[in-house]
file entry18.pdb (PDB, C-alpha atoms and all ligand atoms)
ATOM      1  CA  MET A   1      13.030 -25.063  15.121
ATOM      2  CA  LYS A   2       9.774 -25.895  13.361
ATOM      3  CA  MET A   3       9.571 -27.978  10.197
ATOM      4  CA  PRO A   4       9.145 -25.649   7.235
ATOM      5  CA  ILE A   5       5.521 -25.679   6.259
ATOM      6  CA  TYR A   6       5.893 -23.416   3.299
ATOM      7  CA  LEU A   7       7.543 -23.803  -0.034
ATOM      8  CA  GLN A   8      10.143 -21.042   0.006
ATOM      9  CA  GLU A   9      13.801 -22.044   0.506
ATOM     10  CA  PRO A  10      15.243 -21.080   3.911
ATOM     11  CA  PRO A  11      17.444 -17.957   3.740
ATOM     12  CA  GLU A  12      21.190 -18.474   4.045
ATOM     13  CA  ILE A  13      21.450 -16.235   7.087
ATOM     14  CA  LEU A  14      18.665 -14.881   9.239
ATOM     15  CA  ILE A  15      20.613 -12.022  10.786
ATOM     16  CA  THR A  16      24.029 -10.562   9.943
ATOM     17  CA  PRO A  17      26.717 -10.067  12.600
ATOM     18  CA  GLU A  18      25.725  -6.371  12.519
ATOM     19  CA  GLY A  19      22.107  -7.272  13.315
ATOM     20  CA  VAL A  20      20.481  -6.767   9.905
ATOM     21  CA  ARG A  21      17.512  -9.104   9.388
ATOM     22  CA  THR A  22      16.179 -10.711   6.178
ATOM     23  CA  ASP A  23      13.647  -7.898   5.768
ATOM     24  CA  GLY A  24      16.232  -5.194   6.439
ATOM     25  CA  ARG A  25      15.037  -4.413   9.976
ATOM     26  CA  GLY A  26      17.288  -3.994  12.969
ATOM     27  CA  PRO A  27      16.845  -6.424  15.875
ATOM     28  CA  HIS A  28      14.535  -4.105  17.826
ATOM     29  CA  ASP A  29      12.300  -2.821  15.025
ATOM     30  CA  LEU A  30       8.656  -3.655  14.503
ATOM     31  CA  ARG A  31       7.300  -4.462  11.064
ATOM     32  CA  PRO A  32       5.119  -1.740   9.467
ATOM     33  CA  ILE A  33       1.668  -1.750  11.115
ATOM     34  CA  LYS A  34      -1.643  -0.149  10.097
ATOM     35  CA  MET A  35      -4.960  -0.407  11.941
ATOM     36  CA  THR A  36      -8.510   0.691  11.195
ATOM     37  CA  VAL A  37     -11.693   0.182  13.199
ATOM     38  CA  GLY A  38     -15.336   0.018  12.091
ATOM     39  CA  VAL A  39     -14.623  -1.676   8.778
ATOM     40  CA  LEU A  40     -17.611  -4.081   8.778
ATOM     41  CA  ASN A  41     -20.987  -2.407   9.156
ATOM     42  CA  ARG A  42     -22.878  -5.679   9.806
ATOM     43  CA  ALA A  43     -20.844  -6.491  12.907
ATOM     44  CA  ASP A  44     -21.199  -4.669  16.234
ATOM     45  CA  GLY A  45     -17.491  -3.961  16.225
ATOM     46  CA  SER A  46     -14.655  -4.624  13.813
ATOM     47  CA  ALA A  47     -11.049  -3.911  12.986
ATOM     48  CA  TYR A  48      -8.649  -4.486  10.119
ATOM     49  CA  VAL A  49      -4.951  -4.822  10.808
ATOM     50  CA  GLU A  50      -2.002  -4.932   8.424
ATOM     51  CA  TRP A  51       1.096  -6.096  10.258
ATOM     52  CA  GLY A  52       4.065  -6.855   8.040
ATOM     53  CA  GLY A  53       2.542  -9.146   5.427
ATOM     54  CA  ASN A  54      -0.350 -10.168   7.702
ATOM     55  CA  ARG A  55      -3.844  -9.019   6.736
ATOM     56  CA  ILE A  56      -6.359  -9.659   9.491
ATOM     57  CA  LEU A  57     -10.016  -8.856  10.044
ATOM     58  CA  ALA A  58     -11.584  -9.054  13.478
ATOM     59  CA  ALA A  59     -15.327  -8.869  14.090
ATOM     60  CA  VAL A  60     -17.339  -8.813  17.303
ATOM     61  CA  TYR A  61     -21.033  -9.566  17.750
ATOM     62  CA  GLY A  62     -22.730  -8.951  21.045
ATOM     63  CA  PRO A  63     -23.553  -8.819  23.800
ATOM     64  CA  ARG A  64     -26.524 -10.758  22.380
ATOM     65  CA  GLU A  65     -28.773 -13.725  23.133
ATOM     66  CA  VAL A  66     -26.954 -17.041  23.564
ATOM     67  CA  HIS A  67     -27.528 -19.883  21.098
ATOM     68  CA  PRO A  68     -27.632 -22.719  22.025
ATOM     69  CA  LYS A  69     -29.457 -21.561  25.146
ATOM     70  CA  HIS A  70     -27.993 -24.145  27.520
ATOM     71  CA  LEU A  71     -24.593 -22.410  27.249
ATOM     72  CA  THR A  72     -26.018 -19.288  28.935
ATOM     73  CA  LEU A  73     -24.139 -18.168  32.058
ATOM     74  CA  PRO A  74     -26.559 -16.495  34.490
ATOM     75  CA  ASP A  75     -23.979 -14.244  36.155
ATOM     76  CA  ARG A  76     -21.777 -13.170  33.219
ATOM     77  CA  ALA A  77     -21.310 -13.042  29.480
ATOM     78  CA  LEU A  78     -20.122 -16.094  27.629
ATOM     79  CA  VAL A  79     -17.135 -15.145  25.456
ATOM     80  CA  ARG A  80     -16.459 -17.245  22.348
ATOM     81  CA  CYS A  81     -13.630 -16.808  19.904
ATOM     82  CA  ARG A  82     -12.917 -18.297  16.509
ATOM     83  CA  TYR A  83      -9.546 -17.886  14.804
ATOM     84  CA  ASN A  84      -9.685 -18.928  11.168
ATOM     85  CA  MET A  85      -7.142 -18.904   8.355
ATOM     86  CA  ALA A  86      -8.577 -18.431   4.879
ATOM     87  CA  PRO A  87      -7.500 -21.162   2.421
ATOM     88  CA  PHE A  88      -5.718 -18.458   0.380
ATOM     89  CA  SER A  89      -3.916 -16.914   3.372
ATOM     90  CA  THR A  90      -0.904 -19.223   3.236
ATOM     91  CA  GLU A  91       1.728 -20.061   0.663
ATOM     92  CA  GLU A  92       0.384 -23.582   0.306
ATOM     93  CA  ARG A  93      -3.448 -23.654   0.134
ATOM     94  CA  LYS A  94      -4.786 -24.270   3.618
ATOM     95  CA  ARG A  95      -7.504 -26.894   3.941
ATOM     96  CA  PRO A  96     -10.652 -24.941   4.906
ATOM     97  CA  GLY A  97     -12.199 -25.461   8.307
ATOM     98  CA  PRO A  98     -10.933 -25.887  11.839
ATOM     99  CA  ASP A  99      -7.791 -27.857  12.642
ATOM    100  CA  ARG A 100      -5.789 -28.449  15.805
ATOM    101  CA  ARG A 101      -3.814 -25.236  15.396
ATOM    102  CA  SER A 102      -6.837 -23.007  14.809
ATOM    103  CA  ILE A 103      -8.640 -24.565  17.795
ATOM    104  CA  GLU A 104      -5.567 -23.856  19.952
ATOM    105  CA  LEU A 105      -5.226 -20.290  18.677
ATOM    106  CA  SER A 106      -8.946 -19.603  19.216
ATOM    107  CA  LYS A 107      -8.456 -20.666  22.845
ATOM    108  CA  VAL A 108      -5.236 -18.683  23.239
ATOM    109  CA  ILE A 109      -6.758 -15.475  21.824
ATOM    110  CA  ARG A 110      -9.922 -15.855  23.911
ATOM    111  CA  GLU A 111      -7.887 -16.317  27.077
ATOM    112  CA  ALA A 112      -5.643 -13.355  26.217
ATOM    113  CA  LEU A 113      -8.708 -11.102  25.861
ATOM    114  CA  LEU A 114     -10.952 -12.424  28.637
ATOM    115  CA  PRO A 115      -9.259 -10.621  31.579
ATOM    116  CA  ALA A 116      -9.916  -7.312  29.805
ATOM    117  CA  ILE A 117     -13.671  -7.779  29.430
ATOM    118  CA  PHE A 118     -16.138  -6.832  32.199
ATOM    119  CA  VAL A 119     -18.115 -10.034  31.625
ATOM    120  CA  ASP A 120     -20.223  -9.536  34.759
ATOM    121  CA  LYS A 121     -21.791  -6.442  33.179
ATOM    122  CA  TYR A 122     -23.516  -8.627  30.587
ATOM    123  CA  PRO A 123     -25.077 -11.614  32.386
ATOM    124  CA  GLY A 124     -26.895 -14.165  30.245
ATOM    125  CA  THR A 125     -25.439 -12.943  26.950
ATOM    126  CA  VAL A 126     -22.724 -13.979  24.511
ATOM    127  CA  ILE A 127     -19.901 -11.981  22.979
ATOM    128  CA  ASP A 128     -18.620 -13.634  19.803
ATOM    129  CA  ILE A 129     -15.175 -12.742  18.503
ATOM    130  CA  PHE A 130     -14.072 -13.715  15.004
ATOM    131  CA  VAL A 131     -10.474 -13.419  13.845
ATOM    132  CA  GLU A 132     -10.075 -14.029  10.127
ATOM    133  CA  ILE A 133      -6.595 -14.329   8.676
ATOM    134  CA  ILE A 134      -6.749 -13.206   5.072
ATOM    135  CA  ARG A 135      -2.998 -13.243   4.517
ATOM    136  CA  SER A 136      -0.524 -14.739   6.963
ATOM    137  CA  ASP A 137       3.065 -13.762   7.546
ATOM    138  CA  ALA A 138       3.961 -14.990  11.074
ATOM    139  CA  GLY A 139       2.671 -13.590  14.334
ATOM    140  CA  THR A 140      -0.981 -13.971  13.410
ATOM    141  CA  ARG A 141      -2.079 -14.953  16.926
ATOM    142  CA  CYS A 142      -0.637 -11.682  18.264
ATOM    143  CA  ALA A 143      -1.816  -9.452  15.440
ATOM    144  CA  GLY A 144      -5.201 -11.240  15.675
ATOM    145  CA  THR A 145      -5.426 -10.605  19.436
ATOM    146  CA  THR A 146      -4.526  -6.942  18.928
ATOM    147  CA  ALA A 147      -7.158  -6.624  16.185
ATOM    148  CA  ALA A 148      -9.802  -8.411  18.281
ATOM    149  CA  SER A 149      -9.172  -6.096  21.211
ATOM    150  CA  LEU A 150      -9.816  -3.139  18.898
ATOM    151  CA  ALA A 151     -12.993  -4.777  17.578
ATOM    152  CA  LEU A 152     -14.246  -5.284  21.157
ATOM    153  CA  ALA A 153     -13.600  -1.616  21.929
ATOM    154  CA  ASP A 154     -15.282  -0.625  18.642
ATOM    155  CA  ALA A 155     -18.328  -2.680  19.701
ATOM    156  CA  GLY A 156     -18.494  -0.604  22.880
ATOM    157  CA  ILE A 157     -17.927  -3.593  25.158
ATOM    158  CA  ALA A 158     -16.934  -2.449  28.656
ATOM    159  CA  MET A 159     -13.259  -3.302  29.143
ATOM    160  CA  ARG A 160     -10.554  -2.729  31.726
ATOM    161  CA  GLY A 161      -8.348  -1.583  28.864
ATOM    162  CA  LEU A 162      -6.962  -2.661  25.526
ATOM    163  CA  VAL A 163      -5.027  -5.874  25.032
ATOM    164  CA  THR A 164      -1.878  -5.535  22.963
ATOM    165  CA  ALA A 165      -0.014  -8.570  21.705
ATOM    166  CA  LEU A 166       3.198  -9.108  19.826
ATOM    167  CA  ALA A 167       5.895 -11.715  19.566
ATOM    168  CA  VAL A 168       9.574 -11.430  20.338
ATOM    169  CA  GLY A 169      12.113 -14.132  19.652
ATOM    170  CA  ARG A 170      15.674 -15.332  19.572
ATOM    171  CA  VAL A 171      17.650 -15.729  16.372
ATOM    172  CA  GLY A 172      21.118 -17.051  17.174
ATOM    173  CA  ASP A 173      22.439 -14.744  19.872
ATOM    174  CA  TRP A 174      20.015 -11.945  19.052
ATOM    175  CA  ILE A 175      16.795 -11.210  20.892
ATOM    176  CA  VAL A 176      14.566  -9.785  18.174
ATOM    177  CA  MET A 177      11.331  -7.836  18.072
ATOM    178  CA  ASP A 178       8.350  -9.139  16.089
ATOM    179  CA  PRO A 179       9.839 -12.155  14.214
ATOM    180  CA  ASN A 180       9.141 -12.261  10.488
ATOM    181  CA  HIS A 181       8.174 -15.375   8.547
ATOM    182  CA  ASP A 182      11.782 -16.532   8.005
ATOM    183  CA  GLU A 183      12.568 -16.072  11.686
ATOM    184  CA  ASP A 184       9.365 -17.763  12.795
ATOM    185  CA  MET A 185      10.130 -20.785  10.608
ATOM    186  CA  TYR A 186      13.900 -21.062  11.002
ATOM    187  CA  GLY A 187      14.748 -18.965  14.091
ATOM    188  CA  ASP A 188      15.420 -20.476  17.498
ATOM    189  CA  VAL A 189      12.715 -19.189  19.810
ATOM    190  CA  ASP A 190       9.349 -17.471  19.394
ATOM    191  CA  VAL A 191       7.710 -15.767  22.395
ATOM    192  CA  PRO A 192       4.186 -14.482  21.793
ATOM    193  CA  VAL A 193       3.100 -12.124  24.591
ATOM    194  CA  ALA A 194      -0.111 -10.188  25.275
ATOM    195  CA  PHE A 195      -0.514  -7.408  27.808
ATOM    196  CA  LEU A 196      -3.546  -5.821  29.354
ATOM    197  CA  MET A 197      -2.010  -2.417  28.862
ATOM    198  CA  GLU A 198      -3.613  -0.517  31.748
ATOM    199  CA  ASP A 199      -1.289  -2.178  34.255
ATOM    200  CA  LYS A 200       0.893  -4.278  31.925
ATOM    201  CA  GLU A 201      -0.699  -7.491  33.189
ATOM    202  CA  ILE A 202       0.446 -10.411  31.021
ATOM    203  CA  THR A 203      -2.543 -12.287  29.611
ATOM    204  CA  LEU A 204      -0.643 -14.542  27.197
ATOM    205  CA  LEU A 205       2.883 -15.874  27.285
ATOM    206  CA  GLN A 206       4.072 -18.721  25.121
ATOM    207  CA  LEU A 207       7.592 -19.971  24.609
ATOM    208  CA  ASP A 208       8.539 -22.503  21.977
ATOM    209  CA  GLY A 209      12.264 -22.941  22.607
ATOM    210  CA  PRO A 210      15.053 -22.470  25.154
ATOM    211  CA  LEU A 211      16.028 -19.089  26.638
ATOM    212  CA  THR A 212      18.343 -18.381  29.561
ATOM    213  CA  GLU A 213      16.888 -16.309  32.391
ATOM    214  CA  ASP A 214      18.768 -13.221  31.128
ATOM    215  CA  GLU A 215      17.546 -13.779  27.580
ATOM    216  CA  PHE A 216      14.001 -14.241  28.846
ATOM    217  CA  ASN A 217      14.153 -10.971  30.803
ATOM    218  CA  GLU A 218      15.601  -9.172  27.778
ATOM    219  CA  ALA A 219      12.862 -10.631  25.583
ATOM    220  CA  LEU A 220      10.129  -9.556  27.983
ATOM    221  CA  ASP A 221      11.555  -6.014  28.241
ATOM    222  CA  LEU A 222      11.655  -5.810  24.463
ATOM    223  CA  ALA A 223       8.071  -7.089  24.239
ATOM    224  CA  MET A 224       6.960  -4.346  26.651
ATOM    225  CA  LYS A 225       8.701  -1.687  24.551
ATOM    226  CA  GLY A 226       7.059  -3.040  21.399
ATOM    227  CA  ALA A 227       3.669  -3.227  23.121
ATOM    228  CA  ASP A 228       3.915   0.462  24.101
ATOM    229  CA  LEU A 229       4.340   1.391  20.424
ATOM    230  CA  VAL A 230       1.516  -0.880  19.235
ATOM    231  CA  TYR A 231      -0.763   0.400  22.026
ATOM    232  CA  GLU A 232      -0.333   3.979  20.790
ATOM    233  CA  MET A 233      -1.339   2.832  17.289
ATOM    234  CA  GLN A 234      -4.428   1.083  18.711
ATOM    235  CA  LYS A 235      -5.536   4.207  20.577
ATOM    236  CA  GLU A 236      -4.935   6.318  17.476
ATOM    237  CA  ALA A 237      -7.019   3.905  15.369
ATOM    238  CA  LEU A 238      -9.900   4.128  17.871
ATOM    239  CA  ARG A 239      -9.705   7.930  17.954
ATOM    240  CA  ARG A 240      -9.473   8.412  14.169
ATOM    241  CA  PRO A 241     -13.209   8.114  13.310
ATOM    242  CA  TYR A 242     -14.011  10.713  15.982
ATOM    243  CA  LEU A 243     -11.354  13.097  14.669
ATOM    244  CA  VAL A 244     -12.984  12.928  11.225
ATOM    245  CA  VAL A 245     -16.346  13.876  12.777
ATOM    246  CA  GLU A 246     -14.698  16.605  14.850
ATOM    247  CA  ARG A 247     -13.026  18.042  11.743
ATOM    248  CA  SER A 248     -16.236  18.000   9.725
ATOM    249  CA  VAL A 249     -18.163  19.716  12.571
ATOM    250  CA  ALA A 250     -15.384  22.298  12.880
ATOM    251  CA  GLY A 251     -15.503  22.797   9.097
ATOM    252  CA  ARG A 252     -19.246  23.454   9.222
ATOM    253  CA  GLU A 253     -18.902  25.957  12.055
ATOM    254  CA  SER A 254     -16.178  28.028  10.399
TER
HETATM  255  N1  LIG A 301       1.394 -21.087   8.485
HETATM  256  C1  LIG A 301       1.075 -21.630   7.252
HETATM  257  N2  LIG A 301       0.172 -22.666   7.205
HETATM  258  C2  LIG A 301      -0.421 -23.166   8.330
HETATM  259  C3  LIG A 301      -0.076 -22.596   9.566
HETATM  260  C4  LIG A 301       0.818 -21.548   9.617
HETATM  261  O1  LIG A 301       1.572 -21.190   6.226
HETATM  262  O2  LIG A 301      -1.224 -24.093   8.241
HETATM  263  C5  LIG A 301       2.346 -19.959   8.523
HETATM  264  C6  LIG A 301       1.594 -18.638   8.649
HETATM  265  O3  LIG A 301       2.212 -17.674   7.836
HETATM  266  C7  LIG A 301       1.790 -18.291  10.116
HETATM  267  C8  LIG A 301       3.182 -18.844  10.356
HETATM  268  O4  LIG A 301       3.224 -20.059   9.614
HETATM  269  O5  LIG A 301       1.689 -16.907  10.355
HETATM  270  C9  LIG A 301       3.525 -19.094  11.797
HETATM  271  O6  LIG A 301       2.557 -19.922  12.374
HETATM  272  P1  LIG A 301       2.448 -20.136  13.923
HETATM  273  O7  LIG A 301       1.712 -21.418  14.140
HETATM  274  O8  LIG A 301       3.770 -19.957  14.584
HETATM  275  O9  LIG A 301       1.450 -18.972  14.424
HETATM  276  P2  LIG A 301       1.587 -17.393  14.318
HETATM  277  O10 LIG A 301       3.056 -17.038  14.353
HETATM  278  O11 LIG A 301       0.941 -16.976  13.027
HETATM  279  O12 LIG A 301       0.861 -16.868  15.515
END
call {"tool": "encode", "arguments": {"input": "entry18.pdb", "output": "structure tokens"}}
result
Amino acid sequence: MKMPIYLQEPPEILITPEGVRTDGRGPHDLRPIKMTVGVLNRADGSAYVEWGGNRILAAVYGPREVHPKHLTLPDRALVRCRYNMAPFSTEERKRPGPDRRSIELSKVIREALLPAIFVDKYPGTVIDIFVEIIRSDAGTRCAGTTAASLALADAGIAMRGLVTALAVGRVGDWIVMDPNHDEDMYGDVDVPVAFLMEDKEITLLQLDGPLTEDEFNEALDLAMKGADLVYEMQKEALRRPYLVVERSVAGRES
């Protein structure tokens, strides 16, 4: 269990014997999720994701010229990622600028996305990924990875497929989908997972507490089920702008 880093009192119980959680969800339910692509017209690709109380913007620039030049890779694109929490994104004001956690999460998100990107198609260039947490509510690394994958697709970067990330966890004896803030702070285990959805390759797997082998397998199965649902939402978000165009063309023809 992590030390509480926010001001709210811990809830008396995290999950009832019947499996009702502090936000009213059942053990295997996702939080409400909304996704939109193409939200920033200055960036080459972008996405905005609402996931429970999380509000996350992802932006992608590139492939473009590398600065500083000495970082250039002659045979592939350099991929950089910056995860950043706005000072107003947390209950207690977060000190602006990078810290150990944001440096770790930038690395984790980059590594979760990298296997999806055809970096050898863009030699000598850089692809910059920015993940900005505007409001945080647990699971930001996963929601941020999911948003960044959409932003990469929106930028037209050649990819093997979309990356979908979500966390599962253990609260007492329950394996739960998509832990909320209470569960992240006071639950027993948090398991962030990312999949390259084409072939369900795992590109991120973290575990911050003990699970038996059976619990681990149950958690992974649940993560795959959750990822299938989130993946459908990602594809729908990418299709939506084209459906609007299609409808307006159809409207003009009729
Ligand atoms: N958090 C916070 N201040 C911080 C870091 C984290 O309030 O400096 C909160 C934030 O809501 C975050 C949650 O704690 O979503 C869980 O953080 P964790 O490090 O487990 O990463 P996450 O679950 O967001 O991927």
call {"tool": "closest_atom_pairs", "arguments": {"input": "entry18.pdb", "of": "chain A", "to": "ligand LIG 301 (chain A)", "cutoff": "6 Å", "atoms": "all atoms listed in the file", "output": "JSON lines"}}
result
{"residue": "A:Ile5", "atom": "CA", "partner": "A:LIG301", "partner_atom": "O1", "distance": 6.0}
{"residue": "A:Tyr6", "atom": "CA", "partner": "A:LIG301", "partner_atom": "O1", "distance": 5.7}
{"residue": "A:Thr90", "atom": "CA", "partner": "A:LIG301", "partner_atom": "O1", "distance": 4.4}
{"residue": "A:Glu91", "atom": "CA", "partner": "A:LIG301", "partner_atom": "O1", "distance": 5.7}
{"residue": "A:Lys94", "atom": "CA", "partner": "A:LIG301", "partner_atom": "O2", "distance": 5.8}
{"residue": "A:Ser136", "atom": "CA", "partner": "A:LIG301", "partner_atom": "O3", "distance": 4.1}
{"residue": "A:Asp137", "atom": "CA", "partner": "A:LIG301", "partner_atom": "O3", "distance": 4.0}
{"residue": "A:Ala138", "atom": "CA", "partner": "A:LIG301", "partner_atom": "O5", "distance": 3.1}
{"residue": "A:Gly139", "atom": "CA", "partner": "A:LIG301", "partner_atom": "O10", "distance": 3.5}
{"residue": "A:Thr140", "atom": "CA", "partner": "A:LIG301", "partner_atom": "O11", "distance": 3.6}
{"residue": "A:Arg141", "atom": "CA", "partner": "A:LIG301", "partner_atom": "O12", "distance": 3.8}
call {"tool": "resolve_selection", "arguments": {"input": "entry18.pdb", "expression": "the PyMOL selection byres (((chain A and resi 205) around 6) and not hetatm)", "output": "PDB file with C-alpha atoms, in the coordinates of the input"}}
result
ATOM      1  CA  PRO A 192       4.186 -14.482  21.793  1.00  0.00           C
ATOM      2  CA  VAL A 193       3.100 -12.124  24.591  1.00  0.00           C
ATOM      3  CA  LEU A 204      -0.643 -14.542  27.197  1.00  0.00           C
ATOM      4  CA  GLN A 206       4.072 -18.721  25.121  1.00  0.00           C
TER       5      GLN A 206
END
call {"tool": "resolve_selection", "arguments": {"input": "entry18.pdb", "expression": "the PyMOL selection byres (((chain A and resi 60) around 8) and not hetatm)", "output": "PyMOL selection string"}}
result
chain A and resi 43-46+58-59+61-62+127-130+148+151-152+155
call {"tool": "write_last_selection", "arguments": {"input": "entry18.pdb", "atoms": "C-alpha atoms", "output": "PDB file, in the coordinates of the input"}}
result
ATOM      1  CA  ALA A  43     -20.844  -6.491  12.907  1.00  0.00           C
ATOM      2  CA  ASP A  44     -21.199  -4.669  16.234  1.00  0.00           C
ATOM      3  CA  GLY A  45     -17.491  -3.961  16.225  1.00  0.00           C
ATOM      4  CA  SER A  46     -14.655  -4.624  13.813  1.00  0.00           C
ATOM      5  CA  ALA A  58     -11.584  -9.054  13.478  1.00  0.00           C
ATOM      6  CA  ALA A  59     -15.327  -8.869  14.090  1.00  0.00           C
ATOM      7  CA  TYR A  61     -21.033  -9.566  17.750  1.00  0.00           C
ATOM      8  CA  GLY A  62     -22.730  -8.951  21.045  1.00  0.00           C
ATOM      9  CA  ILE A 127     -19.901 -11.981  22.979  1.00  0.00           C
ATOM     10  CA  ASP A 128     -18.620 -13.634  19.803  1.00  0.00           C
ATOM     11  CA  ILE A 129     -15.175 -12.742  18.503  1.00  0.00           C
ATOM     12  CA  PHE A 130     -14.072 -13.715  15.004  1.00  0.00           C
ATOM     13  CA  ALA A 148      -9.802  -8.411  18.281  1.00  0.00           C
ATOM     14  CA  ALA A 151     -12.993  -4.777  17.578  1.00  0.00           C
ATOM     15  CA  LEU A 152     -14.246  -5.284  21.157  1.00  0.00           C
ATOM     16  CA  ALA A 155     -18.328  -2.680  19.701  1.00  0.00           C
TER      17      ALA A 155
END
call {"tool": "axis_aligned_box", "arguments": {"input": "entry18.pdb", "around": "range 57-71 of chain A", "padding_each_side": "6 Å", "output": "AutoDock Vina command-line options"}}
result
--center_x -19.7 --center_y -16.5 --center_z 18.8 --size_x 31.4 --size_y 27.3 --size_z 29.5
call {"tool": "resolve_selection", "arguments": {"input": "entry18.pdb", "expression": "the PyMOL selection byres (((chain A and resi 103-105) around 12) and not hetatm)", "output": "short mmCIF file (atom, residue, chain, number, x, y, z; two decimals) with C-alpha atoms, in the coordinates of the input"}}
result
data_model
loop_
_atom_site.label_atom_id
_atom_site.label_comp_id
_atom_site.auth_asym_id
_atom_site.auth_seq_id
_atom_site.Cartn_x
_atom_site.Cartn_y
_atom_site.Cartn_z
CA ARG A 80 -16.46 -17.24 22.35
CA CYS A 81 -13.63 -16.81 19.90
CA ARG A 82 -12.92 -18.30 16.51
CA TYR A 83 -9.55 -17.89 14.80
CA ASN A 84 -9.68 -18.93 11.17
CA MET A 85 -7.14 -18.90 8.36
CA GLY A 97 -12.20 -25.46 8.31
CA PRO A 98 -10.93 -25.89 11.84
CA ASP A 99 -7.79 -27.86 12.64
CA ARG A 100 -5.79 -28.45 15.80
CA ARG A 101 -3.81 -25.24 15.40
CA SER A 102 -6.84 -23.01 14.81
CA SER A 106 -8.95 -19.60 19.22
CA LYS A 107 -8.46 -20.67 22.84
CA VAL A 108 -5.24 -18.68 23.24
CA ILE A 109 -6.76 -15.48 21.82
CA ARG A 110 -9.92 -15.86 23.91
CA GLU A 111 -7.89 -16.32 27.08
CA ALA A 112 -5.64 -13.36 26.22
CA PHE A 130 -14.07 -13.72 15.00
CA VAL A 131 -10.47 -13.42 13.84
CA GLU A 132 -10.07 -14.03 10.13
CA ILE A 133 -6.60 -14.33 8.68
CA GLY A 139 2.67 -13.59 14.33
CA THR A 140 -0.98 -13.97 13.41
CA ARG A 141 -2.08 -14.95 16.93
CA CYS A 142 -0.64 -11.68 18.26
CA ALA A 143 -1.82 -9.45 15.44
CA GLY A 144 -5.20 -11.24 15.68
CA THR A 145 -5.43 -10.60 19.44
CA PRO A 192 4.19 -14.48 21.79
CA LEU A 204 -0.64 -14.54 27.20
CA GLN A 206 4.07 -18.72 25.12
#
call {"tool": "closest_residue", "arguments": {"input": "entry18.pdb", "among": "A:Val189, A:Val39, A:Val171, A:Ala147", "to": "Pro241 in chain A", "atoms": "all atoms listed in the file"}}
result
A:Val39
call {"tool": "closest_atom_pairs", "arguments": {"input": "entry18.pdb", "of": "range 129-225 of chain A", "to": "range 28-35 of chain A", "cutoff": "8 Å", "atoms": "only C-alpha atoms", "output": "CSV"}}
result
residue,atom,partner,partner_atom,distance
A:Ala147,CA,A:Met35,CA,7.8
A:Val176,CA,A:His28,CA,5.7
A:Met177,CA,A:His28,CA,4.9
A:Asp178,CA,A:Leu30,CA,5.7
A:Leu222,CA,A:His28,CA,7.4
call {"tool": "closest_residue", "arguments": {"input": "entry18.pdb", "among": "A:Leu14, A:Leu40, A:Ala223, A:Leu114", "to": "Asp173 in chain A", "atoms": "only C-alpha atoms"}}
result
A:Leu14
call {"tool": "closest_residue", "arguments": {"input": "entry18.pdb", "among": "A:Val20, A:Leu166, A:Ile157, A:Leu57", "to": "Val79 in chain A", "atoms": "only C-alpha atoms"}}
result
A:Ile157
call {"tool": "residues_near_point", "arguments": {"input": "entry18.pdb", "point": "(6.3, -1.9, 27.8)", "cutoff": "12 Å", "atoms": "all atoms listed in the file", "output": "list of chain:residue names"}}
result
A:Thr164, A:Ala165, A:Leu166, A:Val193, A:Ala194, A:Phe195, A:Leu196, A:Met197, A:Glu198, A:Asp199, A:Lys200, A:Glu201, A:Ile202, A:Glu218, A:Ala219, A:Leu220, A:Asp221, A:Leu222, A:Ala223, A:Met224, A:Lys225, A:Gly226, A:Ala227, A:Asp228, A:Leu229, A:Val230, A:Tyr231, A:Glu232
call {"tool": "closest_residue", "arguments": {"input": "entry18.pdb", "among": "A:Thr125, A:Thr22, A:Asn54, A:Thr36", "to": "Pro68 in chain A", "atoms": "only C-alpha atoms"}}
result
A:Thr125
call {"tool": "decode", "arguments": {"input": "entry18.pdb", "residues": "range 65-71 of chain A", "atoms": "N, CA, C and O atoms", "output": "compact mmCIF listing (two decimals), in the first residue's frame"}}
result
# COMPACT_ATOMS: atom_id res chain seq x y z
N GLU A 65 12.90 17.12 -38.11
CA GLU A 65 14.35 17.20 -37.92
C GLU A 65 14.72 17.10 -36.44
O GLU A 65 14.00 17.65 -35.60
N VAL A 66 15.83 16.43 -36.16
CA VAL A 66 16.22 16.23 -34.75
C VAL A 66 17.03 17.42 -34.24
O VAL A 66 17.96 17.87 -34.88
N HIS A 67 16.64 17.91 -33.07
CA HIS A 67 17.44 18.91 -32.34
C HIS A 67 17.60 18.41 -30.93
O HIS A 67 16.60 18.05 -30.31
N PRO A 68 18.76 18.33 -30.32
CA PRO A 68 20.06 18.63 -30.94
C PRO A 68 20.48 17.54 -31.92
O PRO A 68 20.17 16.37 -31.71
N LYS A 69 21.20 17.97 -32.94
CA LYS A 69 21.51 17.11 -34.09
C LYS A 69 22.25 15.82 -33.74
O LYS A 69 22.05 14.78 -34.36
N HIS A 70 23.09 15.90 -32.68
CA HIS A 70 23.92 14.71 -32.38
C HIS A 70 23.08 13.52 -31.90
O HIS A 70 23.57 12.41 -31.84
N LEU A 71 21.81 13.76 -31.60
CA LEU A 71 20.94 12.65 -31.16
C LEU A 71 20.37 11.85 -32.35
O LEU A 71 19.75 10.82 -32.18
